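Quick look at query09.cif (mmCIF, C-alpha atoms and all ligand atoms):
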data_input
loop_
_atom_site.label_atom_id
_atom_site.label_comp_id
_atom_site.auth_asym_id
_atom_site.auth_seq_id
_atom_site.Cartn_x
_atom_site.Cartn_y
_atom_site.Cartn_z
CA MET A 1 -147.98 -49.12 -67.91
CA THR A 2 -144.91 -49.09 -65.72
CA SER A 3 -145.27 -49.27 -61.97
CA ALA A 4 -142.01 -47.42 -61.22
CA ARG A 5 -142.37 -45.43 -58.03
CA PRO A 6 -141.52 -41.73 -58.28
CA ALA A 7 -138.11 -40.86 -56.84
CA PRO A 8 -138.38 -39.46 -53.31
CA PRO A 9 -138.06 -35.67 -53.24
CA SER A 10 -134.70 -34.13 -52.55
CA ILE A 11 -134.76 -32.44 -49.12
CA LEU A 12 -131.23 -31.08 -48.97
CA SER A 13 -129.80 -29.70 -52.14
CA MET A 14 -126.35 -28.15 -52.48
CA ALA A 15 -125.53 -26.86 -55.95
CA SER A 16 -121.91 -25.91 -56.49
CA ALA A 17 -121.86 -24.29 -53.05
CA SER A 18 -118.57 -22.70 -52.02
CA ILE A 19 -118.23 -21.54 -48.44
CA ASP A 20 -115.54 -19.20 -47.15
CA ARG A 21 -114.20 -18.46 -43.72
CA GLY A 22 -112.59 -15.04 -43.74
CA ASP A 23 -110.72 -14.75 -47.02
CA ARG A 24 -110.21 -18.52 -47.38
CA THR A 25 -112.51 -20.75 -49.40
CA ILE A 26 -112.99 -23.83 -47.23
CA VAL A 27 -115.67 -25.70 -49.19
CA HIS A 28 -115.25 -25.72 -52.95
CA ALA A 29 -118.27 -25.96 -55.30
CA LEU A 30 -119.92 -28.73 -53.32
CA SER A 31 -122.90 -30.39 -55.01
CA LEU A 32 -124.97 -33.04 -53.29
CA GLU A 33 -128.57 -34.04 -52.85
CA VAL A 34 -130.05 -35.92 -49.92
CA ALA A 35 -133.51 -37.33 -50.55
CA ALA A 36 -136.36 -38.06 -48.14
CA GLY A 37 -135.67 -41.47 -46.63
CA GLU A 38 -131.96 -41.38 -47.41
CA ILE A 39 -128.92 -41.45 -45.14
CA PHE A 40 -125.90 -39.70 -46.63
CA ALA A 41 -122.57 -39.78 -44.80
CA LEU A 42 -120.05 -37.05 -45.54
CA LEU A 43 -116.68 -38.44 -44.64
CA GLY A 44 -113.57 -36.37 -44.15
CA GLY A 45 -110.54 -35.99 -41.94
CA ASN A 46 -109.76 -33.10 -39.61
CA GLY A 47 -110.10 -29.81 -41.39
CA ALA A 48 -111.75 -31.29 -44.50
CA GLY A 49 -114.63 -28.81 -44.20
CA LYS A 50 -117.42 -30.92 -42.65
CA SER A 51 -118.37 -28.42 -39.92
CA THR A 52 -118.16 -25.58 -42.41
CA THR A 53 -120.58 -27.46 -44.67
CA LEU A 54 -122.98 -27.92 -41.74
CA ALA A 55 -122.69 -24.23 -40.87
CA GLY A 56 -123.68 -23.40 -44.46
CA ILE A 57 -126.66 -25.75 -44.36
CA MET A 58 -127.86 -24.21 -41.09
CA GLY A 59 -127.47 -20.69 -42.42
CA PHE A 60 -124.68 -19.62 -40.06
CA LEU A 61 -122.41 -19.09 -43.07
CA SER A 62 -123.60 -18.08 -46.55
CA PRO A 63 -122.16 -19.60 -49.71
CA SER A 64 -119.91 -17.22 -51.61
CA SER A 65 -121.19 -18.90 -54.78
CA GLY A 66 -123.69 -21.62 -55.58
CA THR A 67 -126.82 -22.34 -53.56
CA ILE A 68 -128.14 -24.46 -50.71
CA THR A 69 -131.82 -25.29 -50.19
CA ILE A 70 -133.60 -27.24 -47.48
CA ASP A 71 -137.04 -28.38 -48.51
CA GLY A 72 -137.09 -25.43 -50.87
CA ILE A 73 -135.87 -22.85 -48.34
CA ASN A 74 -132.56 -21.04 -48.85
CA PRO A 75 -130.84 -20.81 -45.44
CA ALA A 76 -128.70 -17.88 -46.57
CA VAL A 77 -131.89 -15.88 -47.21
CA GLU A 78 -134.27 -17.25 -44.55
CA PRO A 79 -132.08 -18.85 -41.87
CA GLU A 80 -134.79 -19.09 -39.18
CA LYS A 81 -137.25 -20.69 -41.56
CA ALA A 82 -134.59 -23.12 -42.80
CA ARG A 83 -133.63 -24.08 -39.22
CA ARG A 84 -137.22 -24.99 -38.46
CA LYS A 85 -136.78 -27.71 -41.07
CA ILE A 86 -133.62 -29.07 -39.43
CA ALA A 87 -132.95 -31.13 -36.34
CA TYR A 88 -129.24 -30.90 -35.49
CA LEU A 89 -127.49 -33.43 -33.33
CA PRO A 90 -124.11 -32.04 -32.28
CA GLU A 91 -121.23 -34.31 -31.31
CA ASN A 92 -121.72 -33.34 -27.68
CA VAL A 93 -125.35 -32.76 -26.84
CA ALA A 94 -125.82 -29.71 -24.59
CA LEU A 95 -128.70 -30.08 -22.12
CA TYR A 96 -129.79 -28.20 -19.01
CA GLU A 97 -128.07 -30.24 -16.32
CA HIS A 98 -130.49 -29.46 -13.50
CA LEU A 99 -133.53 -30.43 -15.56
CA SER A 100 -134.81 -33.94 -16.21
CA ALA A 101 -134.88 -35.53 -19.66
CA VAL A 102 -138.61 -34.75 -19.95
CA GLU A 103 -138.13 -31.16 -18.74
CA ASN A 104 -135.28 -30.59 -21.19
CA ILE A 105 -137.46 -31.71 -24.07
CA ALA A 106 -140.43 -29.65 -22.89
CA TYR A 107 -138.15 -26.62 -22.69
CA PHE A 108 -136.62 -27.06 -26.15
CA MET A 109 -140.02 -27.78 -27.68
CA ALA A 110 -141.38 -24.61 -26.06
CA LEU A 111 -138.53 -22.67 -27.70
CA ALA A 112 -139.69 -24.15 -31.00
CA GLY A 113 -143.23 -22.97 -30.22
CA ALA A 114 -144.76 -26.35 -29.32
CA GLU A 115 -146.16 -27.84 -26.13
CA PRO A 116 -146.37 -31.60 -26.51
CA PRO A 117 -148.18 -33.37 -23.66
CA ARG A 118 -146.08 -35.26 -21.11
CA GLU A 119 -147.19 -38.63 -22.54
CA GLU A 120 -145.98 -37.66 -26.00
CA ILE A 121 -142.56 -36.69 -24.63
CA GLY A 122 -142.38 -39.97 -22.72
CA ALA A 123 -143.31 -41.90 -25.86
CA ALA A 124 -140.56 -40.14 -27.85
CA LEU A 125 -137.98 -40.89 -25.14
CA GLN A 126 -139.15 -44.48 -25.13
CA GLU A 127 -138.82 -44.65 -28.91
CA ALA A 128 -135.35 -43.15 -28.66
CA GLY A 129 -134.45 -45.98 -26.31
CA LEU A 130 -134.07 -44.11 -23.01
CA ALA A 131 -135.06 -46.37 -20.11
CA THR A 132 -138.33 -45.27 -18.50
CA ASP A 133 -136.78 -44.83 -15.07
CA ALA A 134 -134.44 -42.19 -16.53
CA HIS A 135 -137.17 -39.99 -18.02
CA ASP A 136 -137.67 -37.93 -14.87
CA ARG A 137 -134.08 -37.97 -13.62
CA ARG A 138 -131.85 -34.92 -13.88
CA VAL A 139 -129.59 -35.30 -16.90
CA ALA A 140 -126.47 -34.24 -14.95
CA ALA A 141 -125.41 -37.87 -14.45
CA PHE A 142 -126.40 -39.06 -17.93
CA SER A 143 -123.83 -40.80 -20.15
CA LYS A 144 -123.06 -39.55 -23.63
CA GLY A 145 -125.33 -42.21 -25.15
CA MET A 146 -128.22 -41.24 -22.84
CA ARG A 147 -127.82 -37.56 -23.72
CA GLN A 148 -127.89 -38.46 -27.36
CA LYS A 149 -131.14 -40.36 -26.83
CA VAL A 150 -132.69 -37.23 -25.31
CA ALA A 151 -131.60 -35.25 -28.38
CA ILE A 152 -132.99 -37.94 -30.67
CA ALA A 153 -136.32 -37.89 -28.83
CA LEU A 154 -136.40 -34.14 -29.44
CA ALA A 155 -135.64 -34.71 -33.13
CA LEU A 156 -138.43 -37.31 -33.28
CA LEU A 157 -140.91 -34.87 -31.79
CA ARG A 158 -139.88 -32.01 -34.04
CA GLU A 159 -140.51 -34.12 -37.15
CA THR A 160 -138.22 -31.98 -39.28
CA PRO A 161 -137.63 -33.15 -42.84
CA LEU A 162 -133.84 -32.92 -42.40
CA LEU A 163 -131.68 -34.38 -39.66
CA LEU A 164 -128.03 -33.29 -39.39
CA LEU A 165 -125.67 -35.41 -37.32
CA ASP A 166 -122.16 -34.40 -36.33
CA GLU A 167 -119.96 -37.40 -35.47
CA PRO A 168 -122.96 -39.21 -34.03
CA THR A 169 -121.19 -42.35 -32.84
CA SER A 170 -117.90 -40.94 -31.59
CA GLY A 171 -117.41 -41.91 -27.98
CA LEU A 172 -120.32 -44.38 -27.97
CA ASP A 173 -119.68 -47.99 -26.96
CA PRO A 174 -120.59 -50.76 -29.46
CA ARG A 175 -124.00 -51.37 -27.87
CA ALA A 176 -124.91 -47.66 -27.93
CA THR A 177 -123.63 -47.44 -31.51
CA ALA A 178 -125.85 -50.36 -32.55
CA ASP A 179 -128.85 -48.77 -30.80
CA PHE A 180 -128.11 -45.52 -32.57
CA THR A 181 -127.84 -47.19 -35.98
CA ALA A 182 -131.21 -48.90 -35.43
CA LEU A 183 -132.78 -45.55 -34.56
CA LEU A 184 -131.40 -43.97 -37.70
CA GLU A 185 -132.97 -46.77 -39.73
CA GLN A 186 -136.26 -46.00 -38.05
CA MET A 187 -136.03 -42.29 -38.84
CA ARG A 188 -135.06 -43.03 -42.41
CA GLY A 189 -138.16 -45.24 -42.60
CA LYS A 190 -140.27 -42.24 -41.62
CA GLY A 191 -139.01 -40.37 -44.65
CA ARG A 192 -136.51 -38.06 -42.96
CA ALA A 193 -133.47 -37.03 -44.98
CA ILE A 194 -130.36 -37.62 -42.88
CA LEU A 195 -126.91 -36.12 -43.40
CA MET A 196 -124.17 -37.19 -41.05
CA VAL A 197 -120.62 -35.93 -41.01
CA THR A 198 -118.03 -38.30 -39.67
CA HIS A 199 -114.46 -39.56 -39.65
CA ASP A 200 -115.70 -43.11 -39.26
CA LEU A 201 -115.74 -45.01 -42.55
CA LEU A 202 -116.84 -48.34 -41.05
CA GLY A 203 -119.67 -46.72 -39.10
CA ALA A 204 -120.77 -44.84 -42.21
CA ALA A 205 -120.71 -48.00 -44.34
CA ASP A 206 -122.89 -49.66 -41.68
CA CYS A 207 -125.80 -47.28 -41.90
CA ALA A 208 -125.50 -44.88 -44.84
CA ASP A 209 -127.05 -45.31 -48.28
CA ARG A 210 -124.31 -43.21 -49.84
CA ILE A 211 -120.96 -41.95 -48.66
CA GLY A 212 -119.32 -38.83 -49.99
CA PHE A 213 -115.60 -38.24 -49.47
CA LEU A 214 -114.60 -34.69 -48.67
CA ASP A 215 -110.94 -33.92 -49.18
CA ALA A 216 -109.67 -30.40 -48.48
CA GLY A 217 -113.16 -29.00 -49.07
CA ARG A 218 -113.76 -30.90 -52.31
CA LEU A 219 -116.21 -33.75 -52.74
CA VAL A 220 -113.95 -36.18 -54.55
CA GLU A 221 -116.13 -39.29 -54.74
CA ILE A 222 -119.61 -40.54 -53.85
CA VAL A 223 -120.17 -44.27 -53.38
CA THR A 224 -123.51 -46.07 -53.08
CA VAL A 225 -123.32 -48.60 -50.28
CA ALA A 226 -125.95 -50.91 -51.83
CA ASP A 227 -123.60 -51.41 -54.75
CA GLY A 228 -121.54 -53.68 -52.49
CA VAL A 229 -118.95 -51.14 -51.53
CA ASP A 230 -115.46 -52.47 -50.84
CA VAL A 231 -114.85 -50.81 -47.49
CA MET A 232 -111.26 -52.03 -47.26
CA ALA A 233 -110.44 -50.59 -50.68
CA LEU A 234 -112.00 -47.27 -49.65
CA HIS A 235 -110.09 -47.40 -46.40
CA ARG A 236 -106.84 -47.89 -48.31
CA ARG A 237 -107.74 -45.07 -50.69
CA TYR A 238 -108.80 -42.58 -48.04
CA GLY A 239 -107.71 -44.15 -44.79
CA GLU A 240 -104.41 -42.44 -44.28
CA SER A 241 -105.63 -38.94 -44.93
CA GLN A 242 -109.22 -38.92 -43.82
CA ALA A 243 -111.00 -42.09 -42.86
CA ALA A 244 -108.86 -42.84 -39.86
N1 LIG B 1 -114.11 -20.04 -37.26
C1 LIG B 1 -113.16 -20.28 -38.17
N2 LIG B 1 -112.42 -19.25 -38.67
C2 LIG B 1 -111.49 -19.49 -39.62
N3 LIG B 1 -111.18 -20.71 -40.10
C3 LIG B 1 -111.85 -21.74 -39.60
C4 LIG B 1 -112.87 -21.59 -38.62
N4 LIG B 1 -113.37 -22.81 -38.34
C5 LIG B 1 -112.70 -23.69 -39.11
N5 LIG B 1 -111.80 -23.04 -39.87
C6 LIG B 1 -110.89 -23.66 -40.84
O1 LIG B 1 -111.67 -24.27 -41.86
C7 LIG B 1 -111.07 -25.50 -42.28
C8 LIG B 1 -112.12 -26.58 -42.22
O2 LIG B 1 -112.53 -26.72 -40.88
P1 LIG B 1 -113.84 -27.53 -40.49
O3 LIG B 1 -114.01 -27.34 -39.02
O4 LIG B 1 -114.96 -27.19 -41.39
O5 LIG B 1 -113.36 -29.03 -40.81
P2 LIG B 1 -113.91 -30.41 -40.25
O6 LIG B 1 -113.89 -31.33 -41.43
O7 LIG B 1 -115.20 -30.22 -39.57
O8 LIG B 1 -112.79 -30.85 -39.24
P3 LIG B 1 -112.86 -31.67 -37.85
O9 LIG B 1 -113.10 -33.09 -38.22
O10 LIG B 1 -111.52 -31.45 -37.27
O11 LIG B 1 -113.97 -31.06 -37.03
C9 LIG B 1 -109.88 -25.73 -41.36
O12 LIG B 1 -108.72 -25.34 -42.06
C10 LIG B 1 -110.12 -24.80 -40.21
O13 LIG B 1 -108.91 -24.33 -39.69
#
Could you write out this structure as structure tokens?
Amino acid sequence: MTSARPAPPSILSMASASIDRGDRTIVHALSLEVAAGEIFALLGGNGAGKSTTLAGIMGFLSPSSGTITIDGINPAVEPEKARRKIAYLPENVALYEHLSAVENIAYFMALAGAEPPREEIGAALQEAGLATDAHDRRVAAFSKGMRQKVAIALALLRETPLLLLDEPTSGLDPRATADFTALLEQMRGKGRAILMVTHDLLGAADCADRIGFLDAGRLVEIVTVADGVDVMALHRRYGESQAA
């Protein structure tokens, strides 16, 4: 008898998905799978189609051909249901400035139909790495890294199978970036599927299991980081046009 473990289930599945904006096809027949417990980085330069891909996954744009499913749900058909399976971390986290970190989370959880007790919110903020003395402070004076921790705490509480990250480390200092990478590891360990879109090849190579290169809306290569990826060679290959 073999003791091979079954492959983790695919949470995000894109099958030859093309996505248009107006009369232009921006994403061309994109196929990729992100499994539970996997971090996939989609790398591309300005205008490569990363945000358009995210908009398709979240059901704000429908593929003109091909399909997208999130944990079995088609966001083009059931966008609300699909979004309940997704935690989205935008590049700049928008919070209610006059509310505290805890109040922001309570508010967003209420919108999602949940009322976690105060202690649970505090525990999530703690896990996300926000100092305890900041939990009840208004977020107006929070740094970008602190705001991101609030958004991560929210993602931890929502326990969605899929986490989408848009340029998660841009504008973070090295310490905040390292904290963030450690948190991602933790979330991966809990079996979340994580898709991040980024310009940052080095950052992606630091935390992703696989990196896909998006060039003018086409996925031109996927590398597996565990295979001992030659980051400098990739940088030379893609650096000028998209990994800068
Ligand atoms: N709302 C829109 N209407 C029409 N075209 C758009 C719209 N948003 C983006 N585009 C076009 O789609 C193409 C891909 O843009 P997209 O924002 O998906 O790329 P990106 O990889 O996320 O780029 P960036 O790194 O600059 O955010 C670009 O040519 C852009 O001009």
**OP:** Name each residue within 12 Å of ligand LIG 1 (chain B), counting all atoms listed in the file, as a PyMOL selection string.
**Re:** chain A and resi 19-28+42-56+60-61+90-91+165-167+170+196-200+213-219+241-244
Once 3 Å is added on each side, what are the centre and the three edge lengths, in Å to one decimal, of the axis-aligned box enclosing the listed atoms of stretch 126-135 of chain A? Present them as lines of an AutoDock Vina configuration file.
center_x = -136.6
center_y = -43.2
center_z = -22.0
size_x = 11.1
size_y = 12.4
size_z = 19.8
Original post:
Separation of atom CA of A:Pro174 and atom CA of A:Lys144, in Å?
Top reply: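 Atom-to-atom, atom CA of A:Pro174 to atom CA of A:Lys144, that is 12.9 Å.
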Contacts between stretch 151-159 of chain A and stretch 29-93 of chain A, please, where a residue of stretch 29-93 of chain A counts if it comes within 10 Å (with only C-alpha atoms); show its shortest atom pair and distance in Å to one decimal, rows by chain and ascending number, as JSON lines.
{"residue": "A:Arg84", "atom": "CA", "partner": "A:Arg158", "partner_atom": "CA", "distance": 8.7}
{"residue": "A:Lys85", "atom": "CA", "partner": "A:Glu159", "partner_atom": "CA", "distance": 8.4}
{"residue": "A:Ile86", "atom": "CA", "partner": "A:Ala155", "partner_atom": "CA", "distance": 8.7}
{"residue": "A:Ala87", "atom": "CA", "partner": "A:Ala155", "partner_atom": "CA", "distance": 5.5}
{"residue": "A:Tyr88", "atom": "CA", "partner": "A:Ala155", "partner_atom": "CA", "distance": 7.8}
{"residue": "A:Leu89", "atom": "CA", "partner": "A:Ala151", "partner_atom": "CA", "distance": 6.7}
{"residue": "A:Pro90", "atom": "CA", "partner": "A:Ala151", "partner_atom": "CA", "distance": 9.0}
{"residue": "A:Val93", "atom": "CA", "partner": "A:Ala151", "partner_atom": "CA", "distance": 6.9}
Output the selection as a compact mmCIF listing (two decimals), in the frame of the given file - C-alpha atoms for each residue.
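Written file, part_30.txt:
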# COMPACT_ATOMS: atom_id res chain seq x y z
CA ARG A 84 -137.22 -24.99 -38.46
CA LYS A 85 -136.78 -27.71 -41.07
CA ILE A 86 -133.62 -29.07 -39.43
CA ALA A 87 -132.95 -31.13 -36.34
CA TYR A 88 -129.24 -30.90 -35.49
CA LEU A 89 -127.49 -33.43 -33.33
CA PRO A 90 -124.11 -32.04 -32.28
CA VAL A 93 -125.35 -32.76 -26.84
Original post:
Skipping near chain neighbours, those fewer than 6 positions away, what residues fall within 12 Å of A:Arg118 using all atoms listed in the file, listed as a list in words?
Top reply: Ala101, Val102, Glu103, Asn104, Ile105, Ala106, Tyr107, Met109, Ala124, Leu125, His135, Asp136 and Leu157 of chain A
Original post:
atom CA of A:Thr224 and atom CA of A:Ser18, how far apart in Å?
Top reply: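 Between atom CA of A:Ser18 and atom CA of A:Thr224 the gap works out to 23.9 Å.
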Original post:
Rounded to one decimal in Å, what is the spacing between atom CA of A:Ala176 and atom CA of A:Gly145?
Top reply: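 Answer for the atom CA of A:Ala176 to atom CA of A:Gly145 separation: 6.1 Å.
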Subject >> Residue with smallest distance to A:Val34 - pool A:Val229, A:Ala193, A:Leu111, A:Ile211, counting all atoms listed in the file >> reply: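 Counting all atoms listed in the file, the residue closest to A:Val34 is A:Ala193.
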